[in-house]
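Data file: coords.tsv. Format and content: TSV, C-alpha atoms.
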```tsv
chain	number	residue	atom	x	y	z
L	101	ASP	CA	117.41	195.54	202.22
L	102	ALA	CA	115.24	193.22	200.22
L	103	GLY	CA	112.25	194.72	198.51
L	104	VAL	CA	108.81	193.19	198.31
L	105	ILE	CA	109.12	189.55	197.29
L	106	GLN	CA	106.47	187.78	195.26
L	107	SER	CA	106.22	184.20	194.14
L	108	PRO	CA	105.81	182.68	191.72
L	109	ARG	CA	106.87	185.18	189.07
L	110	HIS	CA	104.91	183.33	186.41
L	111	GLU	CA	102.01	180.96	186.75
L	112	VAL	CA	100.20	179.11	184.00
L	113	THR	CA	97.21	177.07	185.01
L	114	GLU	CA	94.08	175.59	183.58
L	115	MET	CA	90.63	176.92	184.16
L	116	GLY	CA	89.12	175.55	187.33
L	117	GLN	CA	92.39	175.08	189.15
L	118	GLU	CA	93.27	176.78	192.41
L	119	VAL	CA	95.98	179.42	192.26
L	120	THR	CA	97.88	180.83	195.23
L	121	LEU	CA	100.05	183.89	194.95
L	122	ARG	CA	102.48	184.77	197.72
L	123	CYS	CA	103.95	187.98	199.02
L	124	LYS	CA	106.54	188.95	201.58
L	125	PRO	CA	106.41	192.69	202.37
L	126	ILE	CA	109.35	194.85	203.29
L	127	SER	CA	110.31	194.31	206.91
L	128	GLY	CA	108.82	196.98	209.12
L	129	HIS	CA	106.05	197.90	206.72
L	130	ASN	CA	102.64	197.50	208.29
L	131	SER	CA	100.43	198.06	205.26
L	132	LEU	CA	100.14	195.52	202.45
L	133	PHE	CA	98.26	195.79	199.18
L	134	TRP	CA	97.27	193.46	196.37
L	135	TYR	CA	96.72	194.94	192.91
L	136	ARG	CA	95.79	193.51	189.56
L	137	GLN	CA	96.92	195.01	186.27
L	138	THR	CA	95.33	194.34	182.90
L	139	MET	CA	95.33	196.20	179.64
L	140	MET	CA	91.59	196.74	179.80
L	141	ARG	CA	91.23	197.86	183.41
L	142	GLY	CA	94.67	199.20	184.29
L	143	LEU	CA	95.80	198.97	187.91
L	144	GLU	CA	93.11	197.92	190.34
L	145	LEU	CA	93.40	197.67	194.09
L	146	LEU	CA	91.99	194.33	195.19
L	147	ILE	CA	92.51	194.43	198.94
L	148	TYR	CA	94.69	196.01	201.54
L	149	PHE	CA	95.76	195.08	205.04
L	150	ASN	CA	96.93	197.24	207.90
L	151	ASN	CA	98.70	195.47	210.75
L	152	ASN	CA	97.60	192.14	209.24
L	153	VAL	CA	93.93	193.10	209.32
L	154	PRO	CA	91.97	193.47	206.06
L	155	ILE	CA	90.81	197.07	205.85
L	156	ASP	CA	89.23	197.30	202.42
L	157	ASP	CA	88.39	194.35	200.20
L	158	SER	CA	85.88	196.16	198.02
L	159	GLY	CA	88.08	195.60	195.00
L	160	MET	CA	88.02	191.82	195.25
L	161	PRO	CA	86.16	190.74	192.11
L	162	GLU	CA	84.07	187.97	193.54
L	163	ASP	CA	83.96	185.13	196.01
L	164	ARG	CA	86.48	183.16	194.02
L	165	PHE	CA	89.14	185.53	195.32
L	166	SER	CA	90.38	185.46	198.90
L	167	ALA	CA	93.37	186.97	200.67
L	168	LYS	CA	95.02	186.32	203.99
L	169	MET	CA	97.78	187.83	206.03
L	170	PRO	CA	98.56	185.42	208.87
L	171	ASN	CA	101.53	187.47	210.06
L	172	ALA	CA	103.42	190.66	209.32
L	173	SER	CA	105.78	189.01	206.87
L	174	PHE	CA	103.50	186.97	204.66
L	175	SER	CA	100.33	187.27	202.63
L	176	THR	CA	98.54	185.12	200.10
L	177	LEU	CA	96.02	185.79	197.38
L	178	LYS	CA	94.05	182.76	196.33
L	179	ILE	CA	91.81	182.26	193.33
L	180	GLN	CA	89.56	179.21	193.41
L	181	PRO	CA	88.42	178.22	190.85
L	182	SER	CA	90.46	180.22	188.36
L	183	GLU	CA	88.99	181.46	185.08
L	184	PRO	CA	90.62	182.79	181.89
L	185	ARG	CA	89.46	186.33	182.71
L	186	ASP	CA	91.65	186.22	185.81
L	187	SER	CA	94.72	186.35	183.58
L	188	ALA	CA	96.65	189.45	184.62
L	189	VAL	CA	99.73	190.64	186.45
L	190	TYR	CA	99.18	190.64	190.19
L	191	PHE	CA	101.26	193.01	192.24
L	192	CYS	CA	101.85	193.10	195.95
L	193	ALA	CA	102.97	196.35	197.57
L	194	SER	CA	103.80	197.49	201.08
L	195	SER	CA	104.20	200.78	202.88
L	196	THR	CA	105.12	202.10	206.30
L	197	GLY	CA	101.69	203.48	206.92
L	198	PRO	CA	98.94	205.81	205.84
L	199	TYR	CA	99.76	208.20	203.03
L	200	TYR	CA	103.29	206.98	202.51
L	201	GLU	CA	104.64	205.65	199.27
L	202	GLN	CA	103.98	202.05	198.41
L	203	TYR	CA	106.78	199.81	197.25
L	204	PHE	CA	105.81	197.21	194.72
L	205	GLY	CA	106.99	193.69	194.18
L	206	PRO	CA	107.98	192.41	190.73
L	207	GLY	CA	104.53	190.98	190.13
L	208	THR	CA	103.17	187.55	189.27
L	209	ARG	CA	102.06	187.06	185.69
L	210	LEU	CA	99.09	184.70	185.80
L	211	THR	CA	97.80	182.98	182.70
L	212	VAL	CA	94.67	180.87	182.97
L	213	THR	CA	93.97	178.73	179.91
J	150	ALA	CA	84.83	211.12	194.29
J	151	GLN	CA	88.55	210.93	193.74
J	152	LYS	CA	89.87	210.59	190.24
J	153	VAL	CA	93.17	210.89	188.40
J	154	THR	CA	93.29	211.76	184.72
J	155	GLN	CA	96.29	211.29	182.50
J	156	ALA	CA	94.99	212.49	179.18
J	157	GLN	CA	98.14	211.65	177.24
J	158	THR	CA	97.98	207.98	176.36
J	159	GLU	CA	101.29	207.88	174.55
J	160	ILE	CA	104.10	210.32	173.88
J	161	SER	CA	107.05	209.84	171.57
J	162	VAL	CA	110.14	212.02	171.66
J	163	VAL	CA	113.67	211.92	170.40
J	164	GLU	CA	116.50	211.66	172.87
J	165	LYS	CA	117.53	214.94	174.53
J	166	GLU	CA	114.10	216.47	174.09
J	167	ASP	CA	112.25	217.71	177.16
J	168	VAL	CA	108.88	216.12	177.80
J	169	THR	CA	106.05	216.89	180.22
J	170	LEU	CA	103.56	214.32	181.40
J	171	ASP	CA	100.27	215.76	182.57
J	172	CYS	CA	98.27	214.68	185.59
J	173	VAL	CA	94.98	216.19	186.71
J	174	TYR	CA	93.25	215.02	189.84
J	175	GLU	CA	89.88	215.41	191.51
J	176	THR	CA	89.28	215.25	195.21
J	177	ARG	CA	86.97	216.77	197.80
J	178	ASP	CA	89.47	216.23	200.55
J	179	THR	CA	91.68	219.09	201.71
J	180	THR	CA	94.41	216.69	202.77
J	181	TYR	CA	95.69	214.38	200.10
J	182	TYR	CA	98.85	212.94	198.62
J	183	LEU	CA	100.05	212.71	195.05
J	184	PHE	CA	102.50	210.22	193.63
J	185	TRP	CA	104.29	209.34	190.44
J	186	TYR	CA	105.38	205.83	189.56
J	187	LYS	CA	107.40	204.52	186.64
J	188	GLN	CA	106.80	201.15	185.01
J	189	PRO	CA	109.64	200.26	182.64
J	190	PRO	CA	109.31	197.46	180.08
J	191	SER	CA	110.54	194.97	182.67
J	192	GLY	CA	107.21	195.45	184.44
J	193	GLU	CA	107.98	196.51	187.97
J	194	LEU	CA	106.48	199.68	189.43
J	195	VAL	CA	109.04	202.12	190.71
J	196	PHE	CA	108.17	204.90	193.13
J	197	LEU	CA	109.38	208.34	191.99
J	198	ILE	CA	107.86	211.01	194.21
J	199	ARG	CA	105.27	211.75	196.88
J	200	ARG	CA	103.75	215.18	197.51
J	201	ASN	CA	101.24	216.26	200.15
J	202	SER	CA	98.53	218.81	199.49
J	203	PHE	CA	100.10	221.40	201.77
J	204	ASP	CA	103.39	221.51	199.96
J	205	GLU	CA	103.14	223.25	196.61
J	206	GLN	CA	106.85	223.68	196.17
J	207	ASN	CA	108.11	222.33	192.92
J	208	GLU	CA	110.65	219.57	193.18
J	209	ILE	CA	113.67	218.79	191.08
J	210	SER	CA	115.63	215.57	191.17
J	211	GLY	CA	118.30	215.38	188.52
J	212	ARG	CA	116.57	215.45	185.15
J	213	TYR	CA	113.15	215.01	186.75
J	214	SER	CA	110.99	217.85	188.00
J	215	TRP	CA	107.46	218.09	189.26
J	216	ASN	CA	105.06	221.04	189.13
J	217	PHE	CA	102.23	220.90	191.66
J	218	GLN	CA	99.48	223.49	191.21
J	219	LYS	CA	96.45	223.25	193.46
J	220	SER	CA	94.69	226.02	191.55
J	221	THR	CA	94.46	223.78	188.51
J	222	SER	CA	94.50	220.45	190.38
J	223	SER	CA	97.53	219.37	188.42
J	224	PHE	CA	100.73	217.56	189.27
J	225	ASN	CA	102.79	217.50	186.11
J	226	PHE	CA	106.05	215.68	185.58
J	227	THR	CA	108.83	216.93	183.33
J	228	ILE	CA	111.83	214.99	182.12
J	229	THR	CA	114.62	217.21	180.87
J	230	ALA	CA	116.99	215.95	178.19
J	231	SER	CA	115.18	212.65	177.88
J	232	GLN	CA	117.10	209.41	177.43
J	233	VAL	CA	116.18	206.06	175.97
J	234	VAL	CA	116.16	204.59	179.48
J	235	ASP	CA	113.28	206.92	180.34
J	236	SER	CA	111.02	204.86	178.06
J	237	ALA	CA	108.31	203.50	180.32
J	238	VAL	CA	104.72	203.91	181.38
J	239	TYR	CA	104.33	206.62	183.98
J	240	PHE	CA	101.47	206.58	186.46
J	241	CYS	CA	100.15	209.42	188.55
J	242	ALA	CA	98.26	208.44	191.70
J	243	LEU	CA	96.20	210.08	194.44
J	244	SER	CA	95.57	209.13	198.04
J	245	GLU	CA	93.05	210.98	200.16
J	246	ALA	CA	93.55	211.27	203.90
J	247	ARG	CA	90.10	209.85	204.58
J	248	SER	CA	90.80	206.84	202.38
J	249	THR	CA	93.77	205.85	204.48
J	250	ASP	CA	96.25	204.10	202.22
J	251	LYS	CA	94.10	203.65	199.16
J	252	LEU	CA	95.89	204.76	196.01
J	253	ILE	CA	93.87	205.75	192.96
J	254	PHE	CA	95.95	205.43	189.81
J	255	GLY	CA	95.58	207.20	186.51
J	256	THR	CA	95.58	205.17	183.34
J	257	GLY	CA	99.22	205.93	182.68
J	258	THR	CA	101.19	207.65	179.92
J	259	ARG	CA	103.46	205.55	177.75
J	260	LEU	CA	106.64	207.47	176.96
J	261	GLN	CA	108.84	206.29	174.14
J	262	VAL	CA	112.22	207.93	173.75
J	263	PHE	CA	113.92	207.21	170.45
J	264	PRO	CA	117.66	207.51	169.92
```
What would you get if you wrote out this structure as structure tokens?
Amino acid sequence: DAGVIQSPRHEVTEMGQEVTLRCKPISGHNSLFWYRQTMMRGLELLIYFNNNVPIDDSGMPEDRFSAKMPNASFSTLKIQPSEPRDSAVYFCASSTGPYYEQYFGPGTRLTVT
Amino acid sequence: AQKVTQAQTEISVVEKEDVTLDCVYETRDTTYYLFWYKQPPSGELVFLIRRNSFDEQNEISGRYSWNFQKSTSSFNFTITASQVVDSAVYFCALSEARSTDKLIFGTGTRLQVFP
């Protein structure tokens, strides 16, 4: 079975541009998570969905960040406008439900210049 | 509030040495779950183990073993006869029942195994 799929794997963009990161969770998983990893702040949960509904978005840094999950097999994380401080690795993860292990995608390395 | 502390920032060992990675957690919940993840240099996060708060049995999986002690709020991870391929950053994480799926990660321990 395929694991969590993320695209693109690398993204380089200029400040002010819109960035969209994509995620396909493992089939049958009904919880989806977006994380950000930086050297300074470590792994941070940005938002998570359960059955396509956002449950907790308290980790979303500011209004420039938005996430959607239009169906059980697809989610996006959008940054508009992007800033250099958004440079990080963004991970998507999915799980079968509460308290179960999360399986992570390979991550998207975002560089904003 | 929930918290996970991995006091060891970096550990270096020589191949075949045993090494223990410490994890101390804080929670007010009586039902919670503990996890370990491995992040090798390639960057992906790999799930290693999940433990619930009602199961204090130690677990062994090949060269890996985990020691869960509620009395000291610790969930330590030991690698026996370490190998170069074990070089990675290891994260301990906590999920409280009342927080649904939310995982709180420690800051990670970077393990370097030298040949």
Item to check | Polymer residues at most 7 Å from range 205-212 of chain L, only C-alpha atoms, same-chain spacing of 5 or more positions, as a list in words | outcome: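 Counting only the stated atoms, we get Gly103, Val104, Ile105, Gln106, Ser107, Pro108, Arg109, His110, Glu111, Val112, Thr113, Glu114, Met115, Ser182, Glu183, Pro184, Asp186, Ser187, Ala188, Val189, Tyr190, Phe191, Cys192 and Ala193 of chain L; Glu193 of chain J.
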Could you produce a table of the residues of chain J lying within 9 Å of chain L, with the nearest pair of atoms per residue and their separation in Å rounded to one decimal, using all atoms listed in the file, ordered by chain and increasing residue number, as JSON lines?
```
{"residue": "J:Tyr181", "atom": "CA", "partner": "L:Tyr199", "partner_atom": "CA", "distance": 8.0}
{"residue": "J:Tyr182", "atom": "CA", "partner": "L:Tyr199", "partner_atom": "CA", "distance": 6.5}
{"residue": "J:Phe184", "atom": "CA", "partner": "L:Glu201", "partner_atom": "CA", "distance": 7.6}
{"residue": "J:Ser191", "atom": "CA", "partner": "L:Pro206", "partner_atom": "CA", "distance": 8.8}
{"residue": "J:Gly192", "atom": "CA", "partner": "L:Pro206", "partner_atom": "CA", "distance": 7.0}
{"residue": "J:Glu193", "atom": "CA", "partner": "L:Pro206", "partner_atom": "CA", "distance": 4.9}
{"residue": "J:Leu194", "atom": "CA", "partner": "L:Phe204", "partner_atom": "CA", "distance": 5.9}
{"residue": "J:Val195", "atom": "CA", "partner": "L:Phe204", "partner_atom": "CA", "distance": 7.1}
{"residue": "J:Phe196", "atom": "CA", "partner": "L:Tyr203", "partner_atom": "CA", "distance": 6.7}
{"residue": "J:Ile198", "atom": "CA", "partner": "L:Glu201", "partner_atom": "CA", "distance": 8.0}
{"residue": "J:Arg199", "atom": "CA", "partner": "L:Glu201", "partner_atom": "CA", "distance": 6.6}
{"residue": "J:Asn201", "atom": "CA", "partner": "L:Tyr199", "partner_atom": "CA", "distance": 8.7}
{"residue": "J:Ser244", "atom": "CA", "partner": "L:Tyr199", "partner_atom": "CA", "distance": 6.6}
{"residue": "J:Glu245", "atom": "CA", "partner": "L:Tyr199", "partner_atom": "CA", "distance": 7.8}
{"residue": "J:Ala246", "atom": "CA", "partner": "L:Tyr199", "partner_atom": "CA", "distance": 7.0}
{"residue": "J:Ser248", "atom": "CA", "partner": "L:Pro198", "partner_atom": "CA", "distance": 8.9}
{"residue": "J:Thr249", "atom": "CA", "partner": "L:Pro198", "partner_atom": "CA", "distance": 5.3}
{"residue": "J:Asp250", "atom": "CA", "partner": "L:Pro198", "partner_atom": "CA", "distance": 4.8}
{"residue": "J:Lys251", "atom": "CA", "partner": "L:Leu145", "partner_atom": "CA", "distance": 7.9}
{"residue": "J:Leu252", "atom": "CA", "partner": "L:Leu145", "partner_atom": "CA", "distance": 7.8}
{"residue": "J:Ile253", "atom": "CA", "partner": "L:Leu145", "partner_atom": "CA", "distance": 8.2}
{"residue": "J:Phe254", "atom": "CA", "partner": "L:Leu143", "partner_atom": "CA", "distance": 6.7}
{"residue": "J:Gly255", "atom": "CA", "partner": "L:Leu143", "partner_atom": "CA", "distance": 8.4}
{"residue": "J:Thr256", "atom": "CA", "partner": "L:Gly142", "partner_atom": "CA", "distance": 6.1}
{"residue": "J:Gly257", "atom": "CA", "partner": "L:Gly142", "partner_atom": "CA", "distance": 8.3}
```
Next on the checklist: If we draw a sphere of 12 Å around (100.0, 186.8, 211.0), which residues have at least one atom in it when counting only C-alpha atoms? Please report them as JSON, numbers by chain.
Outcome noted: {"L": [124, 130, 149, 150, 151, 152, 153, 154, 168, 169, 170, 171, 172, 173, 174, 175, 176]}
Checklist entry - What is the distance, in Å and to one decimal place, between CA of Leu146 in chain L and CA of Ser194 in chain L? => result 13.6 Å
Checklist entry - Can you list, as number ranges by chain, every protein, DNA or RNA residue that comes within 12 Å of Ser214 in chain J when you count all atoms listed in the file, leaving out same-chain residues fewer than 4 positions away? => result J: 167-170, 185, 197-198, 206-210, 224-230
Show me the residues close to (99.6, 212.0, 186.2) - anything with an atom within 6 Å, counting all atoms listed in the file - and format the list as a PDB file with C-alpha atoms, in the coordinates of the input.
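Dumped to out34.pdb:
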```pdb
ATOM      1  CA  GLN J 155      96.290 211.290 182.500  1.00  0.00           C
ATOM      2  CA  ASP J 171     100.270 215.760 182.570  1.00  0.00           C
ATOM      3  CA  CYS J 172      98.270 214.680 185.590  1.00  0.00           C
ATOM      4  CA  PHE J 240     101.470 206.580 186.460  1.00  0.00           C
ATOM      5  CA  CYS J 241     100.150 209.420 188.550  1.00  0.00           C
TER       6      CYS J 241
END
```
Item to check | Nearest-residue call for Ala237 in chain J, choices J:Asn216, J:Thr258, J:Ser202, J:Gln157, using all atoms listed in the file | outcome: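 For Ala237 in chain J, the nearest of the given residues is J:Thr258.
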Item to check | d(CA of Val163 in chain J, CA of Ser222 in chain J) in Å | outcome: 29.0 Å
Checklist entry - Which distance in Å separates CA of Ser161 in chain J and CA of Arg259 in chain J, to one decimal? => result 8.3 Å
